[in-house]
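What's in my_file_38.tsv: TSV, N, CA and C atoms
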chain	number	residue	atom	x	y	z
O	7	MET	N	-15.54	11.45	3.64
O	7	MET	CA	-14.10	11.53	3.43
O	7	MET	C	-13.63	10.30	2.66
O	8	LYS	N	-12.59	10.54	1.84
O	8	LYS	CA	-12.01	9.40	1.14
O	8	LYS	C	-10.53	9.66	0.86
O	9	LEU	N	-9.82	8.58	0.67
O	9	LEU	CA	-8.41	8.61	0.29
O	9	LEU	C	-8.36	8.35	-1.21
O	10	VAL	N	-7.68	9.23	-1.94
O	10	VAL	CA	-7.57	9.12	-3.40
O	10	VAL	C	-6.11	8.79	-3.73
O	11	VAL	N	-5.92	7.66	-4.44
O	11	VAL	CA	-4.57	7.15	-4.73
O	11	VAL	C	-4.47	6.75	-6.19
O	12	ARG	N	-3.37	7.15	-6.84
O	12	ARG	CA	-3.12	6.68	-8.20
O	12	ARG	C	-2.84	5.18	-8.18
O	13	ARG	N	-3.25	4.50	-9.23
O	13	ARG	CA	-3.04	3.05	-9.33
O	13	ARG	C	-1.56	2.69	-9.18
O	14	GLU	N	-0.67	3.46	-9.80
O	14	GLU	CA	0.76	3.13	-9.72
O	14	GLU	C	1.30	3.31	-8.29
O	15	ASP	N	0.74	4.24	-7.53
O	15	ASP	CA	1.16	4.41	-6.14
O	15	ASP	C	0.66	3.25	-5.28
O	16	MET	N	-0.58	2.79	-5.52
O	16	MET	CA	-1.08	1.64	-4.77
O	16	MET	C	-0.24	0.40	-5.11
O	17	GLU	N	0.13	0.24	-6.37
O	17	GLU	CA	0.99	-0.89	-6.76
O	17	GLU	C	2.35	-0.80	-6.07
O	18	LYS	N	2.88	0.40	-5.95
O	18	LYS	CA	4.16	0.60	-5.26
O	18	LYS	C	4.06	0.16	-3.80
O	19	ILE	N	2.96	0.51	-3.15
O	19	ILE	CA	2.75	0.13	-1.75
O	19	ILE	C	2.60	-1.38	-1.63
O	20	LEU	N	1.82	-1.99	-2.52
O	20	LEU	CA	1.63	-3.44	-2.47
O	20	LEU	C	2.92	-4.19	-2.76
O	21	ARG	N	3.74	-3.66	-3.68
O	21	ARG	CA	5.07	-4.26	-3.94
O	21	ARG	C	5.95	-4.18	-2.71
O	22	HIS	N	5.95	-3.01	-2.06
O	22	HIS	CA	6.72	-2.82	-0.83
O	22	HIS	C	6.30	-3.85	0.21
O	23	ALA	N	4.99	-4.05	0.35
O	23	ALA	CA	4.47	-5.02	1.31
O	23	ALA	C	4.92	-6.43	0.96
O	24	ALA	N	4.88	-6.79	-0.32
O	24	ALA	CA	5.29	-8.13	-0.74
O	24	ALA	C	6.79	-8.34	-0.54
O	25	GLU	N	7.59	-7.32	-0.83
O	25	GLU	CA	9.04	-7.42	-0.66
O	25	GLU	C	9.44	-7.51	0.80
O	26	ALA	N	8.69	-6.87	1.68
O	26	ALA	CA	9.01	-6.88	3.11
O	26	ALA	C	8.54	-8.16	3.80
O	27	PHE	N	7.63	-8.91	3.17
O	27	PHE	CA	7.07	-10.12	3.77
O	27	PHE	C	8.17	-11.02	4.31
O	28	PRO	N	8.06	-11.55	5.53
O	28	PRO	CA	6.90	-11.54	6.42
O	28	PRO	C	6.89	-10.38	7.43
O	29	THR	N	7.75	-9.40	7.21
O	29	THR	CA	7.80	-8.23	8.09
O	29	THR	C	6.76	-7.21	7.63
O	30	GLU	N	6.18	-6.46	8.57
O	30	GLU	CA	5.29	-5.37	8.20
O	30	GLU	C	6.12	-4.30	7.49
O	31	CYS	N	5.60	-3.79	6.39
O	31	CYS	CA	6.23	-2.65	5.75
O	31	CYS	C	5.56	-1.39	6.30
O	32	CYS	N	6.18	-0.24	6.04
O	32	CYS	CA	5.58	1.01	6.47
O	32	CYS	C	6.07	2.13	5.58
O	33	GLY	N	5.35	3.22	5.58
O	33	GLY	CA	5.74	4.36	4.78
O	33	GLY	C	4.84	5.55	5.03
O	34	VAL	N	5.12	6.61	4.28
O	34	VAL	CA	4.45	7.89	4.47
O	34	VAL	C	3.70	8.25	3.18
O	35	LEU	N	2.52	8.84	3.35
O	35	LEU	CA	1.71	9.33	2.24
O	35	LEU	C	1.75	10.85	2.25
O	36	ALA	N	2.16	11.45	1.15
O	36	ALA	CA	2.21	12.91	1.04
O	36	ALA	C	1.29	13.35	-0.08
O	37	GLY	N	0.73	14.52	0.08
O	37	GLY	CA	-0.17	15.03	-0.94
O	37	GLY	C	-0.90	16.25	-0.46
O	38	ARG	N	-2.23	16.22	-0.62
O	38	ARG	CA	-3.04	17.38	-0.27
O	38	ARG	C	-4.31	16.95	0.46
O	39	ARG	N	-4.67	17.78	1.44
O	39	ARG	CA	-5.95	17.61	2.13
O	39	ARG	C	-6.94	18.57	1.48
O	40	LEU	N	-7.98	18.00	0.91
O	40	LEU	CA	-9.05	18.82	0.33
O	40	LEU	C	-10.26	18.73	1.25
O	41	LYS	N	-11.34	19.35	0.87
O	41	LYS	CA	-12.52	19.41	1.74
O	41	LYS	C	-13.01	18.02	2.15
O	42	THR	N	-13.13	17.11	1.18
O	42	THR	CA	-13.65	15.77	1.49
O	42	THR	C	-12.71	14.66	1.04
O	43	GLU	N	-11.48	15.02	0.67
O	43	GLU	CA	-10.54	14.03	0.15
O	43	GLU	C	-9.13	14.25	0.69
O	44	TYR	N	-8.45	13.15	0.84
O	44	TYR	CA	-7.01	13.15	1.08
O	44	TYR	C	-6.41	12.58	-0.21
O	45	VAL	N	-5.69	13.41	-0.95
O	45	VAL	CA	-5.17	13.02	-2.26
O	45	VAL	C	-3.68	12.72	-2.15
O	46	VAL	N	-3.31	11.48	-2.43
O	46	VAL	CA	-1.91	11.06	-2.36
O	46	VAL	C	-1.21	11.47	-3.65
O	47	GLU	N	-0.11	12.20	-3.52
O	47	GLU	CA	0.68	12.59	-4.68
O	47	GLU	C	2.08	11.98	-4.66
O	48	ARG	N	2.50	11.51	-3.50
O	48	ARG	CA	3.81	10.85	-3.41
O	48	ARG	C	3.78	9.83	-2.27
O	49	VAL	N	4.39	8.67	-2.55
O	49	VAL	CA	4.51	7.59	-1.56
O	49	VAL	C	5.97	7.46	-1.19
O	50	TYR	N	6.23	7.43	0.11
O	50	TYR	CA	7.60	7.29	0.62
O	50	TYR	C	7.72	5.98	1.40
O	51	PRO	N	8.27	4.93	0.80
O	51	PRO	CA	8.52	3.71	1.58
O	51	PRO	C	9.56	3.99	2.66
O	52	ALA	N	9.41	3.34	3.79
O	52	ALA	CA	10.36	3.50	4.91
O	52	ALA	C	10.71	2.12	5.45
O	53	LYS	N	11.75	2.08	6.25
O	53	LYS	CA	12.18	0.81	6.85
O	53	LYS	C	11.47	0.62	8.19
O	54	ASN	N	11.00	-0.60	8.42
O	54	ASN	CA	10.44	-0.97	9.71
O	54	ASN	C	11.59	-1.39	10.61
O	55	VAL	N	12.00	-0.54	11.53
O	55	VAL	CA	13.16	-0.84	12.37
O	55	VAL	C	12.86	-1.95	13.38
O	56	LEU	N	11.58	-2.27	13.61
O	56	LEU	CA	11.25	-3.37	14.53
O	56	LEU	C	11.41	-4.73	13.86
O	57	GLU	N	11.37	-4.75	12.52
O	57	GLU	CA	11.46	-6.00	11.76
O	57	GLU	C	10.50	-7.05	12.33
O	58	SER	N	9.27	-6.63	12.55
O	58	SER	CA	8.24	-7.46	13.16
O	58	SER	C	7.14	-7.76	12.15
O	59	SER	N	6.48	-8.89	12.32
O	59	SER	CA	5.32	-9.24	11.50
O	59	SER	C	4.03	-8.65	12.05
O	60	TYR	N	4.09	-8.06	13.24
O	60	TYR	CA	2.88	-7.60	13.91
O	60	TYR	C	2.89	-6.12	14.30
O	61	GLU	N	4.01	-5.44	14.07
O	61	GLU	CA	4.12	-4.06	14.50
O	61	GLU	C	5.20	-3.37	13.67
O	62	TYR	N	5.08	-2.06	13.54
O	62	TYR	CA	6.10	-1.32	12.80
O	62	TYR	C	6.49	-0.06	13.55
O	63	ARG	N	7.68	0.41	13.24
O	63	ARG	CA	8.16	1.71	13.71
O	63	ARG	C	9.15	2.22	12.68
O	64	MET	N	8.96	3.46	12.25
O	64	MET	CA	9.91	4.08	11.33
O	64	MET	C	11.07	4.64	12.12
O	65	ASP	N	12.24	4.64	11.50
O	65	ASP	CA	13.39	5.30	12.08
O	65	ASP	C	13.07	6.80	12.14
O	66	PRO	N	13.20	7.43	13.31
O	66	PRO	CA	12.83	8.85	13.43
O	66	PRO	C	13.60	9.76	12.48
O	67	GLU	N	14.88	9.48	12.23
O	67	GLU	CA	15.66	10.31	11.32
O	67	GLU	C	15.16	10.16	9.88
O	68	GLU	N	14.82	8.93	9.48
O	68	GLU	CA	14.28	8.70	8.14
O	68	GLU	C	12.93	9.40	8.01
O	69	GLN	N	12.11	9.30	9.04
O	69	GLN	CA	10.80	9.94	9.01
O	69	GLN	C	10.94	11.46	8.88
O	70	LEU	N	11.88	12.05	9.59
O	70	LEU	CA	12.13	13.49	9.50
O	70	LEU	C	12.57	13.87	8.08
O	71	ARG	N	13.48	13.09	7.48
O	71	ARG	CA	13.92	13.35	6.11
O	71	ARG	C	12.74	13.31	5.14
O	72	ILE	N	11.85	12.33	5.32
O	72	ILE	CA	10.68	12.22	4.45
O	72	ILE	C	9.78	13.44	4.62
O	73	PHE	N	9.52	13.85	5.86
O	73	PHE	CA	8.68	15.03	6.11
O	73	PHE	C	9.31	16.26	5.45
O	74	GLU	N	10.63	16.42	5.58
O	74	GLU	CA	11.31	17.58	5.00
O	74	GLU	C	11.25	17.54	3.47
O	75	ASP	N	11.40	16.35	2.88
O	75	ASP	CA	11.34	16.23	1.42
O	75	ASP	C	9.94	16.57	0.92
O	76	ALA	N	8.93	16.07	1.60
O	76	ALA	CA	7.55	16.36	1.20
O	76	ALA	C	7.30	17.86	1.25
O	77	GLU	N	7.71	18.50	2.33
O	77	GLU	CA	7.52	19.94	2.48
O	77	GLU	C	8.28	20.71	1.39
O	78	ALA	N	9.51	20.30	1.11
O	78	ALA	CA	10.31	20.97	0.08
O	78	ALA	C	9.68	20.81	-1.30
O	79	SER	N	8.89	19.75	-1.48
O	79	SER	CA	8.20	19.50	-2.75
O	79	SER	C	6.84	20.19	-2.83
O	80	GLY	N	6.50	20.94	-1.79
O	80	GLY	CA	5.22	21.63	-1.78
O	80	GLY	C	4.05	20.75	-1.38
O	81	LEU	N	4.35	19.61	-0.78
O	81	LEU	CA	3.31	18.68	-0.34
O	81	LEU	C	3.24	18.68	1.17
O	82	GLU	N	2.19	18.09	1.71
O	82	GLU	CA	2.11	17.90	3.15
O	82	GLU	C	1.95	16.41	3.43
O	83	VAL	N	2.44	15.99	4.55
O	83	VAL	CA	2.22	14.60	4.96
O	83	VAL	C	0.75	14.50	5.35
O	84	ILE	N	0.05	13.57	4.69
O	84	ILE	CA	-1.38	13.40	4.96
O	84	ILE	C	-1.67	12.09	5.68
O	85	GLY	N	-0.67	11.21	5.73
O	85	GLY	CA	-0.91	9.93	6.40
O	85	GLY	C	0.23	8.96	6.27
O	86	PHE	N	-0.09	7.74	6.61
O	86	PHE	CA	0.90	6.67	6.69
O	86	PHE	C	0.30	5.38	6.14
O	87	TYR	N	1.17	4.47	5.75
O	87	TYR	CA	0.68	3.15	5.36
O	87	TYR	C	1.53	2.09	6.04
O	88	HIS	N	0.93	0.93	6.20
O	88	HIS	CA	1.67	-0.24	6.67
O	88	HIS	C	0.93	-1.49	6.24
O	89	SER	N	1.61	-2.61	6.34
O	89	SER	CA	1.00	-3.87	5.91
O	89	SER	C	0.69	-4.75	7.11
O	90	HIS	N	-0.25	-5.64	6.89
O	90	HIS	CA	-0.51	-6.76	7.79
O	90	HIS	C	-0.17	-8.00	6.98
O	91	PRO	N	1.09	-8.45	7.05
O	91	PRO	CA	1.55	-9.50	6.15
O	91	PRO	C	0.89	-10.86	6.37
O	92	LEU	N	0.41	-11.12	7.56
O	92	LEU	CA	-0.12	-12.45	7.88
O	92	LEU	C	-1.64	-12.47	8.02
O	93	THR	N	-2.28	-11.30	7.89
O	93	THR	CA	-3.72	-11.22	8.11
O	93	THR	C	-4.39	-10.33	7.06
O	94	GLU	N	-5.65	-10.07	7.29
O	94	GLU	CA	-6.41	-9.15	6.45
O	94	GLU	C	-5.95	-7.71	6.73
O	95	ALA	N	-6.39	-6.80	5.87
O	95	ALA	CA	-6.09	-5.37	6.03
O	95	ALA	C	-7.16	-4.76	6.94
O	96	TYR	N	-6.99	-4.90	8.23
O	96	TYR	CA	-7.96	-4.39	9.19
O	96	TYR	C	-7.27	-3.49	10.21
O	97	TRP	N	-8.06	-2.75	10.96
O	97	TRP	CA	-7.56	-1.83	11.98
O	97	TRP	C	-7.39	-2.60	13.28
O	98	SER	N	-6.15	-2.77	13.71
O	98	SER	CA	-5.87	-3.57	14.91
O	98	SER	C	-5.83	-2.69	16.16
O	99	SER	N	-5.81	-3.33	17.31
O	99	SER	CA	-5.70	-2.59	18.57
O	99	SER	C	-4.36	-1.87	18.65
O	100	ILE	N	-3.30	-2.45	18.09
O	100	ILE	CA	-2.00	-1.79	18.05
O	100	ILE	C	-2.08	-0.54	17.17
O	101	ASP	N	-2.74	-0.67	16.01
O	101	ASP	CA	-2.92	0.48	15.12
O	101	ASP	C	-3.68	1.59	15.83
O	102	GLU	N	-4.72	1.23	16.54
O	102	GLU	CA	-5.53	2.22	17.26
O	102	GLU	C	-4.68	2.97	18.27
O	103	GLU	N	-3.88	2.25	19.03
O	103	GLU	CA	-3.05	2.87	20.06
O	103	GLU	C	-2.00	3.80	19.44
O	104	LYS	N	-1.33	3.33	18.39
O	104	LYS	CA	-0.27	4.14	17.77
O	104	LYS	C	-0.81	5.38	17.06
O	105	SER	N	-2.04	5.33	16.61
O	105	SER	CA	-2.59	6.45	15.83
O	105	SER	C	-3.07	7.61	16.70
O	106	LYS	N	-3.19	7.41	17.99
O	106	LYS	CA	-3.79	8.42	18.87
O	106	LYS	C	-3.08	9.77	18.81
O	107	SER	N	-1.80	9.78	18.53
O	107	SER	CA	-1.08	11.05	18.49
O	107	SER	C	-1.08	11.68	17.09
O	108	TRP	N	-1.89	11.12	16.17
O	108	TRP	CA	-1.93	11.62	14.79
O	108	TRP	C	-3.35	11.96	14.32
O	109	PRO	N	-4.13	12.73	15.10
O	109	PRO	CA	-5.47	13.08	14.63
O	109	PRO	C	-5.40	13.91	13.35
O	110	GLY	N	-6.34	13.63	12.44
O	110	GLY	CA	-6.37	14.34	11.17
O	110	GLY	C	-5.56	13.68	10.07
O	111	TYR	N	-4.92	12.56	10.38
O	111	TYR	CA	-4.12	11.83	9.40
O	111	TYR	C	-4.84	10.56	8.97
O	112	VAL	N	-4.56	10.13	7.74
O	112	VAL	CA	-5.12	8.88	7.25
O	112	VAL	C	-4.11	7.76	7.41
O	113	PHE	N	-4.62	6.56	7.55
O	113	PHE	CA	-3.80	5.36	7.70
O	113	PHE	C	-4.31	4.33	6.71
O	114	LEU	N	-3.43	3.87	5.84
O	114	LEU	CA	-3.76	2.86	4.85
O	114	LEU	C	-3.14	1.54	5.30
O	115	VAL	N	-3.96	0.53	5.44
O	115	VAL	CA	-3.49	-0.81	5.83
O	115	VAL	C	-3.65	-1.71	4.62
O	116	VAL	N	-2.57	-2.42	4.25
O	116	VAL	CA	-2.62	-3.31	3.09
O	116	VAL	C	-2.29	-4.74	3.50
O	117	SER	N	-2.84	-5.68	2.75
O	117	SER	CA	-2.54	-7.10	2.94
O	117	SER	C	-1.89	-7.60	1.66
O	118	PRO	N	-0.60	-7.93	1.68
O	118	PRO	CA	0.06	-8.39	0.45
O	118	PRO	C	-0.47	-9.74	-0.02
O	119	LYS	N	-0.88	-10.60	0.90
O	119	LYS	CA	-1.39	-11.93	0.52
O	119	LYS	C	-2.70	-11.81	-0.25
O	120	LYS	N	-3.57	-10.93	0.20
O	120	LYS	CA	-4.88	-10.76	-0.43
O	120	LYS	C	-4.89	-9.65	-1.48
O	121	ARG	N	-3.79	-8.87	-1.52
O	121	ARG	CA	-3.73	-7.68	-2.37
O	121	ARG	C	-4.95	-6.80	-2.11
O	122	SER	N	-5.22	-6.61	-0.82
O	122	SER	CA	-6.36	-5.80	-0.41
O	122	SER	C	-5.88	-4.64	0.46
O	123	PHE	N	-6.77	-3.70	0.70
O	123	PHE	CA	-6.41	-2.53	1.47
O	123	PHE	C	-7.66	-1.93	2.10
O	124	THR	N	-7.45	-1.21	3.19
O	124	THR	CA	-8.50	-0.48	3.89
O	124	THR	C	-7.88	0.80	4.41
O	125	ALA	N	-8.64	1.90	4.36
O	125	ALA	CA	-8.13	3.19	4.84
O	125	ALA	C	-8.96	3.67	6.03
O	126	TYR	N	-8.27	4.39	6.91
O	126	TYR	CA	-8.88	4.89	8.13
O	126	TYR	C	-8.47	6.34	8.34
O	127	LEU	N	-9.35	7.11	8.93
O	127	LEU	CA	-9.06	8.48	9.31
O	127	LEU	C	-9.05	8.55	10.82
O	128	ARG	N	-7.95	9.02	11.37
O	128	ARG	CA	-7.85	9.19	12.82
O	128	ARG	C	-8.46	10.54	13.17
O	129	LYS	N	-9.51	10.50	13.96
O	129	LYS	CA	-10.12	11.72	14.48
O	129	LYS	C	-9.61	11.92	15.90
O	130	GLU	N	-10.07	12.96	16.55
O	130	GLU	CA	-9.58	13.26	17.90
O	130	GLU	C	-9.77	12.10	18.87
O	131	ASN	N	-10.97	11.52	18.88
O	131	ASN	CA	-11.27	10.48	19.86
O	131	ASN	C	-11.66	9.13	19.27
O	132	GLU	N	-11.55	9.00	17.95
O	132	GLU	CA	-11.92	7.74	17.32
O	132	GLU	C	-11.25	7.61	15.97
O	133	THR	N	-11.30	6.41	15.43
O	133	THR	CA	-10.79	6.14	14.10
O	133	THR	C	-11.95	5.60	13.28
O	134	VAL	N	-12.13	6.14	12.08
O	134	VAL	CA	-13.24	5.70	11.23
O	134	VAL	C	-12.70	5.21	9.88
O	135	GLU	N	-13.35	4.18	9.35
O	135	GLU	CA	-12.98	3.69	8.03
O	135	GLU	C	-13.47	4.68	6.98
O	136	ILE	N	-12.65	4.92	5.96
O	136	ILE	CA	-13.03	5.81	4.87
O	136	ILE	C	-12.86	5.07	3.55
O	137	ASP	N	-13.52	5.58	2.52
O	137	ASP	CA	-13.43	4.98	1.19
O	137	ASP	C	-12.05	5.22	0.58
O	138	VAL	N	-11.69	4.35	-0.35
O	138	VAL	CA	-10.46	4.52	-1.12
O	138	VAL	C	-10.85	4.57	-2.59
O	139	GLU	N	-10.40	5.61	-3.28
O	139	GLU	CA	-10.62	5.73	-4.72
O	139	GLU	C	-9.28	5.55	-5.41
O	140	ILE	N	-9.22	4.57	-6.31
O	140	ILE	CA	-8.02	4.33	-7.11
O	140	ILE	C	-8.29	4.84	-8.51
O	141	TYR	N	-7.35	5.62	-9.05
O	141	TYR	CA	-7.54	6.11	-10.40
O	141	TYR	C	-6.30	5.93	-11.24

Target encoding structure tokens, full file:
Amino acid sequence: MKLVVRREDMEKILRHAAEAFPTECCGVLAGRRLKTEYVVERVYPAKNVLESSYEYRMDPEEQLRIFEDAEASGLEVIGFYHSHPLTEAYWSSIDEEKSKSWPGYVFLVVSPKKRSFTAYLRKENETVEIDVEIY
């Protein structure tokens, strides 16, 4: 499995992370689930209502609007992104706990300081790192 992202979309996410610093940014990834790929076709930045450097939460109403817009555009929500503004782009224990209710979705973690990223796929009982292809 891999996450496929256009270069301009990855830049948009990294800009969002830099602008939100030192707060974690967050957002939604919409696109298509293929046999071995999650293809991002639209990035939806969202507000972190916790305004925390270590945790994020999207406003439920904003999240619903994003889901509805993606669906109206013929896309499906395939995952989420957030930043780790003060550390590397790794899967934290908080990320693991929050992802449990989202099996089948991808999670992209970015580090604005390092301009790095790592993607994960939440399965039913575990989370696994997956490749990221930028084109």

Expected answer as a list in words: all residues with atoms within 7 Å of (-7.5, 16.5, 14.8), only C-alpha atoms: Pro109, Gly110, Lys129 and Glu130 of chain O

Using the file's own x, y and z axes, so that the box edges lie along x, y and z, what centre and edge lengths in Å (one decimal) does a box around every listed atom of stretch 43-52 of chain O get when 8 Å is added on each side? Give it as lines of an AutoDock Vina configuration file.
center_x = -0.4
center_y = 8.6
center_z = 0.4
size_x = 38.2
size_y = 28.9
size_z = 26.1

- request: Using only C-alpha atoms, find the one residue out of O:Lys106, O:Arg121, O:Arg48, O:Lys41 that sits nearest to O:Gly80.
  value: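 Answer, going by the shortest atom-to-atom distance: O:Arg48.
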
query: Which parts of chain O does DSSP call alpha helix (DSSP H) when run on the backbone here, written out as a VMD selection string?
result: chain O and resid 13 to 26 66 to 78 99 to 105

query: Among chain O, which residues carry a DSSP assignment of strand (DSSP E), reported as JSON, numbers by chain?
result: {"O": [8, 9, 10, 11, 32, 33, 34, 35, 36, 37, 38, 39, 43, 44, 45, 46, 47, 48, 49, 50, 51, 52, 82, 83, 84, 85, 86, 87, 88, 89, 112, 113, 114, 115, 116, 117, 122, 123, 124, 125, 126, 127, 128, 133, 134, 135, 136, 137, 138, 139, 140]}

- request: List the neighbours of stretch 60-70 of chain O out to 7 Å using all atoms listed in the file; skip same-chain residues closer than 5 positions along the sequence, and give me the result as a PyMOL selection string.
  value: chain O and resi 28-32+52-55+75+91

task: For each of O:Val11, O:Leu56, O:Ile19, O:Val112, take the minimum atom-to-atom distance to O:Glu135, counting only C-alpha atoms, then give the residue where this is smallest.
output: O:Val112

- request: Report the distance between atom C of O:Asp101 and atom N of O:Ala24 in Å, rounded to one decimal place.
  value: 20.1 Å

message: Calculated over all atoms listed in the file, which of the candidates O:Arg12, O:Leu35, O:Ser122, O:Ser117 has the smallest distance to O:Tyr87?
response: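 Residue with the minimum atom-to-atom distance to O:Tyr87: O:Leu35.
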
- request: Could you tell me how far atom C of O:Ser105 lies from atom CA of O:Arg128, in Å and to one decimal?
  value: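 About the pair atom C of O:Ser105 and atom CA of O:Arg128: they are 6.4 Å apart.
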
- prompt: Separation of atom N of O:Ala95 and atom C of O:Lys120, in Å?
  reply: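 Between atom N of O:Ala95 and atom C of O:Lys120 the gap is 8.0 Å.
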
- request: Go through O:Leu9, O:Glu139, O:Phe27, O:Asp15 and flag the residue nearest O:Arg39, using only C-alpha atoms for the distances.
  value: O:Leu9

message: I'd like the contact shell of O:Tyr111 - 5 Å cut-off, only N, CA and C atoms, skipping same-chain residues fewer than 3 positions apart - returned as a list in words.
response: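 Near neighbours after the sequence-gap exclusion: Ile84, Gly85, Trp108, Leu127 and Arg128 of chain O.
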